[in-house]
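Text of protein_34.cif, listed as mmCIF, C-alpha atoms:
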data_protein
loop_
_atom_site.label_atom_id
_atom_site.label_comp_id
_atom_site.auth_asym_id
_atom_site.auth_seq_id
_atom_site.Cartn_x
_atom_site.Cartn_y
_atom_site.Cartn_z
CA MET A 1 15.12 -12.70 5.79
CA ALA A 2 12.57 -15.49 6.11
CA ILE A 3 8.94 -14.47 5.63
CA GLU A 4 6.57 -16.12 8.08
CA ILE A 5 3.07 -16.75 6.76
CA PRO A 6 0.35 -16.90 9.44
CA THR A 7 -1.39 -20.28 9.40
CA ASP A 8 -4.84 -18.64 9.54
CA LEU A 9 -4.22 -16.27 6.62
CA THR A 10 -6.82 -16.25 3.84
CA PRO A 11 -5.10 -18.12 0.95
CA GLU A 12 -5.27 -15.27 -1.56
CA LEU A 13 -3.34 -12.97 0.79
CA VAL A 14 -0.24 -15.19 0.75
CA PRO A 15 1.37 -13.15 -2.10
CA LEU A 16 0.93 -10.02 0.07
CA SER A 17 1.95 -11.66 3.36
CA TRP A 18 5.44 -10.09 3.46
CA LEU A 19 3.76 -6.71 4.05
CA LEU A 20 2.02 -7.82 7.26
CA GLY A 21 2.94 -6.01 10.46
CA THR A 22 3.99 -2.54 11.50
CA TRP A 23 6.83 -0.68 9.80
CA SER A 24 8.49 2.52 11.00
CA GLY A 25 11.23 4.72 9.60
CA ALA A 26 12.19 7.97 7.94
CA GLY A 27 12.07 9.56 4.51
CA ARG A 28 12.36 12.71 2.45
CA LEU A 29 9.81 14.73 0.55
CA GLY A 30 10.36 15.43 -3.14
CA ALA A 31 13.44 13.92 -4.75
CA GLY A 32 15.46 13.91 -1.53
CA GLU A 33 17.63 16.85 -2.53
CA ALA A 34 19.50 19.07 -0.07
CA ASP A 35 16.47 21.28 0.62
CA SER A 36 13.93 18.42 0.76
CA GLU A 37 12.04 18.17 4.03
CA PHE A 38 12.35 15.16 6.34
CA PHE A 39 9.56 13.01 7.74
CA THR A 40 9.02 9.95 9.88
CA GLN A 41 6.31 7.38 9.18
CA THR A 42 4.55 4.39 10.69
CA VAL A 43 2.78 1.99 8.33
CA THR A 44 0.59 -0.95 9.35
CA PHE A 45 -0.72 -3.80 7.21
CA LYS A 46 -3.07 -6.20 8.94
CA ALA A 47 -5.38 -9.05 7.98
CA ASN A 48 -8.83 -9.49 9.49
CA GLY A 49 -9.97 -12.78 7.94
CA LEU A 50 -11.32 -11.16 4.75
CA PRO A 51 -9.53 -11.30 1.35
CA TYR A 52 -7.72 -7.97 1.67
CA LEU A 53 -5.12 -6.25 3.85
CA GLN A 54 -6.05 -3.14 5.81
CA TYR A 55 -3.47 -0.38 5.40
CA THR A 56 -2.77 2.72 7.48
CA ALA A 57 0.12 5.17 7.12
CA GLU A 58 0.74 8.08 9.52
CA SER A 59 3.51 10.59 8.84
CA TRP A 60 5.06 13.50 10.72
CA LEU A 61 7.38 16.27 9.53
CA THR A 62 10.73 16.22 11.37
CA ASP A 63 13.95 18.14 11.43
CA GLU A 64 17.16 16.61 10.09
CA ASP A 65 17.81 14.92 13.44
CA GLY A 66 14.39 13.23 13.47
CA THR A 67 12.71 15.48 16.04
CA VAL A 68 8.99 15.59 15.25
CA LEU A 69 7.80 19.07 14.27
CA ARG A 70 4.13 18.47 13.42
CA PRO A 71 1.72 15.95 11.83
CA LEU A 72 2.09 15.58 8.07
CA SER A 73 -0.50 13.13 6.73
CA VAL A 74 -2.67 10.08 7.31
CA GLU A 75 -3.91 7.65 4.69
CA THR A 76 -5.83 4.42 4.93
CA GLY A 77 -6.90 1.76 2.48
CA PHE A 78 -7.23 -1.81 1.30
CA TRP A 79 -4.85 -4.04 -0.67
CA GLN A 80 -6.01 -7.16 -2.50
CA LEU A 81 -5.50 -9.40 -5.50
CA ASP A 82 -7.28 -8.07 -8.59
CA ARG A 83 -9.84 -10.70 -9.53
CA PRO A 84 -13.52 -10.84 -10.42
CA LEU A 85 -15.69 -11.02 -7.30
CA THR A 86 -18.02 -13.99 -6.98
CA GLU A 87 -21.12 -14.82 -4.97
CA SER A 88 -18.76 -16.11 -2.26
CA ASP A 89 -17.39 -12.60 -1.68
CA GLY A 90 -19.03 -10.12 0.66
CA GLY A 91 -20.57 -6.79 -0.30
CA PRO A 92 -21.75 -4.46 -1.40
CA GLY A 93 -21.90 -2.79 1.98
CA MET A 94 -22.42 -5.26 4.82
CA THR A 95 -23.66 -8.19 2.73
CA PRO A 96 -21.77 -11.08 4.36
CA ALA A 97 -19.39 -13.34 2.46
CA ASP A 98 -19.70 -17.12 2.47
CA MET A 99 -18.05 -18.97 5.35
CA VAL A 100 -15.68 -20.60 2.85
CA PRO A 101 -13.37 -18.13 1.03
CA ALA A 102 -13.76 -17.70 -2.72
CA LEU A 103 -10.17 -18.92 -3.17
CA ARG A 104 -9.65 -21.90 -0.86
CA THR A 105 -6.35 -23.44 -1.89
CA ALA A 106 -2.86 -22.53 -3.07
CA ASP A 107 -3.82 -23.92 -6.50
CA ASP A 108 -6.78 -21.51 -6.65
CA VAL A 109 -4.39 -18.62 -5.99
CA GLU A 110 -1.72 -19.91 -8.40
CA ALA A 111 -4.31 -19.86 -11.19
CA LEU A 112 -4.30 -16.04 -10.88
CA ARG A 113 -0.60 -15.64 -11.73
CA ASN A 114 -0.08 -13.23 -14.62
CA ALA A 115 2.16 -13.70 -17.68
CA ASP A 116 5.15 -12.21 -15.79
CA GLY A 117 4.88 -14.75 -12.98
CA GLY A 118 3.42 -12.30 -10.45
CA PHE A 119 -0.10 -11.29 -9.47
CA ASP A 120 -2.28 -8.37 -10.46
CA ILE A 121 -3.39 -6.31 -7.45
CA MET A 122 -5.83 -3.51 -6.67
CA VAL A 123 -5.30 -0.90 -3.95
CA ASN A 124 -7.75 1.73 -2.65
CA ILE A 125 -6.23 4.58 -0.63
CA VAL A 126 -8.20 7.40 0.99
CA HIS A 127 -6.74 10.74 2.13
CA PRO A 128 -8.16 13.65 4.13
CA GLY A 129 -9.28 16.55 1.98
CA GLY A 130 -11.69 14.56 -0.16
CA ILE A 131 -9.14 12.54 -2.18
CA SER A 132 -9.40 8.83 -2.96
CA GLU A 133 -7.01 6.86 -5.18
CA LEU A 134 -7.69 3.60 -7.03
CA TYR A 135 -4.45 1.86 -8.02
CA TYR A 136 -3.87 -1.18 -10.21
CA GLY A 137 -0.52 -2.88 -10.38
CA THR A 138 1.50 -6.01 -9.86
CA ILE A 139 3.21 -7.86 -7.06
CA LYS A 140 6.02 -10.27 -7.85
CA GLY A 141 7.78 -11.67 -4.81
CA PRO A 142 8.67 -8.75 -2.51
CA GLN A 143 8.21 -6.07 -5.19
CA ILE A 144 5.13 -3.98 -5.96
CA GLN A 145 4.42 -1.47 -8.73
CA LEU A 146 1.22 0.59 -8.70
CA SER A 147 -0.33 3.23 -10.99
CA THR A 148 -3.57 5.11 -10.42
CA ASP A 149 -6.51 4.15 -12.58
CA ALA A 150 -8.57 6.93 -11.02
CA VAL A 151 -8.20 9.79 -8.55
CA MET A 152 -11.49 11.02 -7.08
CA ARG A 153 -11.50 14.55 -5.67
CA GLY A 154 -14.15 16.47 -3.77
CA ALA A 155 -15.36 19.81 -5.11
CA GLY A 156 -13.02 21.74 -2.80
CA SER A 157 -10.03 19.38 -3.05
CA LYS A 158 -6.59 20.41 -4.26
CA ASP A 159 -5.62 19.53 -7.83
CA TYR A 160 -4.25 15.99 -8.09
CA THR A 161 -4.55 13.84 -11.22
CA ALA A 162 -2.34 10.72 -11.05
CA ALA A 163 0.27 8.82 -9.07
CA THR A 164 2.59 5.83 -9.12
CA ARG A 165 4.02 3.97 -6.16
CA ILE A 166 6.69 1.29 -5.84
CA PHE A 167 7.45 -0.87 -2.81
CA GLY A 168 10.21 -3.37 -2.24
CA LEU A 169 11.66 -5.48 0.53
CA VAL A 170 15.44 -5.02 0.72
CA ASN A 171 17.45 -6.77 3.46
CA GLY A 172 14.31 -6.96 5.59
CA ASP A 173 13.40 -3.26 5.22
CA LEU A 174 10.44 -1.83 3.33
CA PHE A 175 11.50 0.81 0.80
CA TRP A 176 8.93 2.87 -1.10
CA ARG A 177 8.69 5.77 -3.55
CA TRP A 178 5.63 7.82 -4.50
CA ASP A 179 5.43 9.99 -7.64
CA VAL A 180 2.53 12.41 -8.06
CA ALA A 181 1.02 14.52 -10.86
CA ALA A 182 -0.58 17.62 -9.34
CA HIS A 183 -1.00 21.37 -9.82
CA GLY A 184 -0.86 21.04 -13.61
CA LYS A 185 2.48 19.19 -13.59
CA SER A 186 3.31 15.70 -14.84
CA LEU A 187 4.46 12.84 -12.58
CA ASP A 188 7.33 13.91 -10.36
CA ALA A 189 9.03 12.65 -7.19
CA HIS A 190 6.74 13.27 -4.21
CA ALA A 191 8.26 11.26 -1.34
CA SER A 192 10.28 8.17 -0.47
CA ALA A 193 11.21 6.31 2.70
CA ALA A 194 12.92 3.30 4.22
CA LEU A 195 10.96 1.55 6.96
CA HIS A 196 12.10 -1.08 9.46
CA LYS A 197 9.85 -3.89 10.72
CA VAL A 198 8.66 -3.22 14.27
CA PRO A 199 8.90 -6.39 16.40
CA ALA A 200 5.47 -7.78 17.26
#

Structure re-expressed in structure tokens:
Amino acid sequence: MAIEIPTDLTPELVPLSWLLGTWSGAGRLGAGEADSEFFTQTVTFKANGLPYLQYTAESWLTDEDGTVLRPLSVETGFWQLDRPLTESDGGPGMTPADMVPALRTADDVEALRNADGGFDIMVNIVHPGGISELYYGTIKGPQIQLSTDAVMRGAGSKDYTAATRIFGLVNGDLFWRWDVAAHGKSLDAHASAALHKVPA
């Protein structure tokens, strides 16, 4: 499947461009065993002219036939290359960025390639219930591996200490798996899904 890169995309988002758009599909909780619950999910990645992708994922529990039973979860966040911020970048808060992006050319972006030929990335994901994850990882072509560097929990939040996530583009579909360490247990299968690209 050919990946179309928008002509107005900020240069440093080109390595992430295959994620752009809306994806929808189904998955299973846990390890996908016989008694694992089913869910459906819609995921959106969009660019807004700044050097990160906005991410939203909404999920609903379903029966085995895909009939929606009730809402399951919502998460939102930001995906970007992991690089030192410069005076050209915006923030903190609403401090505006320069008109010209910090990375202006393909050569600027190529200079960030890591020793494995991919790029280091940083992902922030926020959940209801006072939980926020900070992931670091790598993207190499249409494959992503992420591990939490930190999980921030509110005083009344449920126990949750670490996570890993993997994403991959296979025959035009977005496959992902999420492993979680929670409730005093080590990393274990939490959920996985296969999502199809929704036509624009």

Output of the PyMOL selection byres ((chain A and resi 61-69) around 8), listed as a ChimeraX atom specification: /A:26,37-40,59-60,70-72

Within 9 Å of Ser132 of chain A using all atoms listed in the file, minus same-chain residues under 4 positions, as a PyMOL selection string: chain A and resi 124-128+150-153

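Here atom CA of Asp107 of chain A and atom CA of Pro15 of chain A stand 12.7 Å from one another.
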
Sphere at (16.9, 0.7, 9.2), radius 12 Å, counting only C-alpha atoms: residues as a PDB file with C-alpha atoms, in the frame of the given file:
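point-v2.pdb was written with the following content:
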ATOM      1  CA  TRP A  23       6.830  -0.680   9.800  1.00  0.00           C
ATOM      2  CA  SER A  24       8.490   2.520  11.000  1.00  0.00           C
ATOM      3  CA  GLY A  25      11.230   4.720   9.600  1.00  0.00           C
ATOM      4  CA  ALA A  26      12.190   7.970   7.940  1.00  0.00           C
ATOM      5  CA  GLY A  27      12.070   9.560   4.510  1.00  0.00           C
ATOM      6  CA  LEU A 169      11.660  -5.480   0.530  1.00  0.00           C
ATOM      7  CA  VAL A 170      15.440  -5.020   0.720  1.00  0.00           C
ATOM      8  CA  ASN A 171      17.450  -6.770   3.460  1.00  0.00           C
ATOM      9  CA  GLY A 172      14.310  -6.960   5.590  1.00  0.00           C
ATOM     10  CA  ASP A 173      13.400  -3.260   5.220  1.00  0.00           C
ATOM     11  CA  LEU A 174      10.440  -1.830   3.330  1.00  0.00           C
ATOM     12  CA  PHE A 175      11.500   0.810   0.800  1.00  0.00           C
ATOM     13  CA  ALA A 193      11.210   6.310   2.700  1.00  0.00           C
ATOM     14  CA  ALA A 194      12.920   3.300   4.220  1.00  0.00           C
ATOM     15  CA  LEU A 195      10.960   1.550   6.960  1.00  0.00           C
ATOM     16  CA  HIS A 196      12.100  -1.080   9.460  1.00  0.00           C
ATOM     17  CA  LYS A 197       9.850  -3.890  10.720  1.00  0.00           C
ATOM     18  CA  VAL A 198       8.660  -3.220  14.270  1.00  0.00           C
TER      19      VAL A 198
END

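When atom CA of Leu29 of chain A is paired with atom CA of Thr161 of chain A, their separation reads 18.6 Å.
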
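Interatomic distance, atom CA of Thr22 of chain A to atom CA of Lys46 of chain A: 8.4 Å.
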
Output check: residues returned by the PyMOL selection byres ((chain A and resi 83) around 8), as a VMD selection string: chain A and resid 81 to 82 84 to 85 112 120

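Between Ala182 of chain A and the residues A:Thr148, A:Ala162, A:Ile121, A:Phe167, the shortest atom-to-atom distance, using all atoms listed in the file, involves A:Ala162.
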
Since I can't run it myself right now, could you work out what the PyMOL selection byres ((chain A and resi 44) around 9) selects here and report it as an mmCIF file with C-alpha atoms, in the coordinates of the input?
data_model
loop_
_atom_site.group_PDB
_atom_site.id
_atom_site.type_symbol
_atom_site.label_atom_id
_atom_site.label_comp_id
_atom_site.auth_asym_id
_atom_site.auth_seq_id
_atom_site.Cartn_x
_atom_site.Cartn_y
_atom_site.Cartn_z
ATOM 1 C CA LEU A 19 3.760 -6.710 4.050
ATOM 2 C CA LEU A 20 2.020 -7.820 7.260
ATOM 3 C CA GLY A 21 2.940 -6.010 10.460
ATOM 4 C CA THR A 22 3.990 -2.540 11.500
ATOM 5 C CA TRP A 23 6.830 -0.680 9.800
ATOM 6 C CA SER A 24 8.490 2.520 11.000
ATOM 7 C CA THR A 42 4.550 4.390 10.690
ATOM 8 C CA VAL A 43 2.780 1.990 8.330
ATOM 9 C CA PHE A 45 -0.720 -3.800 7.210
ATOM 10 C CA LYS A 46 -3.070 -6.200 8.940
ATOM 11 C CA GLN A 54 -6.050 -3.140 5.810
ATOM 12 C CA TYR A 55 -3.470 -0.380 5.400
ATOM 13 C CA THR A 56 -2.770 2.720 7.480
ATOM 14 C CA ALA A 57 0.120 5.170 7.120
#

Leaving out Leu103 of chain A and any residue of its chain fewer than 5 positions from it, which residues lie within 7 Å of it when counting all atoms listed in the file, given as a PDB file with C-alpha atoms, in the coordinates of the input?
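The resulting part_32.pdb:
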ATOM      1  CA  PRO A  11      -5.100 -18.120   0.950  1.00  0.00           C
ATOM      2  CA  GLU A  12      -5.270 -15.270  -1.560  1.00  0.00           C
ATOM      3  CA  ASP A 108      -6.780 -21.510  -6.650  1.00  0.00           C
ATOM      4  CA  VAL A 109      -4.390 -18.620  -5.990  1.00  0.00           C
TER       5      VAL A 109
END

Taking only residues of segment 2-91 of chain A that have an atom at most 8 Å from an atom of segment 95-101 of chain A, what is each one's shortest atom pair and its distance in Å to one decimal, using all atoms listed in the file, in chain and number order, as CSV?
residue,atom,partner,partner_atom,distance
A:Thr10,CA,A:Pro101,CA,7.4
A:Pro51,CA,A:Pro101,CA,7.8
A:Glu87,CA,A:Ala97,CA,7.8
A:Ser88,CA,A:Asp98,CA,4.9
A:Asp89,CA,A:Ala97,CA,4.7
A:Gly90,CA,A:Ala97,CA,3.7
A:Gly91,CA,A:Thr95,CA,4.5

Keeping only C-alpha atoms, write the selected residues to a file as a PDB file, in the frame of the given file.
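Output saved as again.pdb:
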ATOM      1  CA  THR A  10      -6.820 -16.250   3.840  1.00  0.00           C
ATOM      2  CA  PRO A  51      -9.530 -11.300   1.350  1.00  0.00           C
ATOM      3  CA  GLU A  87     -21.120 -14.820  -4.970  1.00  0.00           C
ATOM      4  CA  SER A  88     -18.760 -16.110  -2.260  1.00  0.00           C
ATOM      5  CA  ASP A  89     -17.390 -12.600  -1.680  1.00  0.00           C
ATOM      6  CA  GLY A  90     -19.030 -10.120   0.660  1.00  0.00           C
ATOM      7  CA  GLY A  91     -20.570  -6.790  -0.300  1.00  0.00           C
TER       8      GLY A  91
END

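Compared by their closest atoms to Gly77 of chain A, and using only C-alpha atoms, the residues A:Tyr160, A:Met122, A:Gly49, A:Ala115 rank with A:Met122 nearest.
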
Neighbour list for Asp8 of chain A as a PyMOL selection string, cut-off 12 Å, only C-alpha atoms, skip fewer than 4 positions in-chain: chain A and resi 4+12-14+17+47-51+104

When you look at Thr164 of chain A with a cut-off of 12 Å (counting all atoms listed in the file), what residues show up, excluding the ones that are within fewer than 4 positions of it in the same chain? I need them as a tab-separated table (two decimals) with C-alpha atoms, in the coordinates of the input.
chain	number	residue	atom	x	y	z
A	123	VAL	CA	-5.30	-0.90	-3.95
A	133	GLU	CA	-7.01	6.86	-5.18
A	134	LEU	CA	-7.69	3.60	-7.03
A	135	TYR	CA	-4.45	1.86	-8.02
A	136	TYR	CA	-3.87	-1.18	-10.21
A	137	GLY	CA	-0.52	-2.88	-10.38
A	138	THR	CA	1.50	-6.01	-9.86
A	144	ILE	CA	5.13	-3.98	-5.96
A	145	GLN	CA	4.42	-1.47	-8.73
A	146	LEU	CA	1.22	0.59	-8.70
A	147	SER	CA	-0.33	3.23	-10.99
A	148	THR	CA	-3.57	5.11	-10.42
A	149	ASP	CA	-6.51	4.15	-12.58
A	150	ALA	CA	-8.57	6.93	-11.02
A	151	VAL	CA	-8.20	9.79	-8.55
A	176	TRP	CA	8.93	2.87	-1.10
A	177	ARG	CA	8.69	5.77	-3.55
A	178	TRP	CA	5.63	7.82	-4.50
A	179	ASP	CA	5.43	9.99	-7.64
A	180	VAL	CA	2.53	12.41	-8.06
A	181	ALA	CA	1.02	14.52	-10.86
A	186	SER	CA	3.31	15.70	-14.84
A	187	LEU	CA	4.46	12.84	-12.58
A	188	ASP	CA	7.33	13.91	-10.36
A	189	ALA	CA	9.03	12.65	-7.19
A	190	HIS	CA	6.74	13.27	-4.21
A	191	ALA	CA	8.26	11.26	-1.34
A	192	SER	CA	10.28	8.17	-0.47

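Between Gly129 of chain A and the residues A:Ala155, A:Leu53, A:Pro92, A:Asp35, the shortest atom-to-atom distance, using only C-alpha atoms, involves A:Ala155.
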
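Counting only C-alpha atoms, the residue from A:Phe78, A:His183, A:Thr86, A:Ala34 that sits nearest to Leu16 of chain A is A:Phe78.
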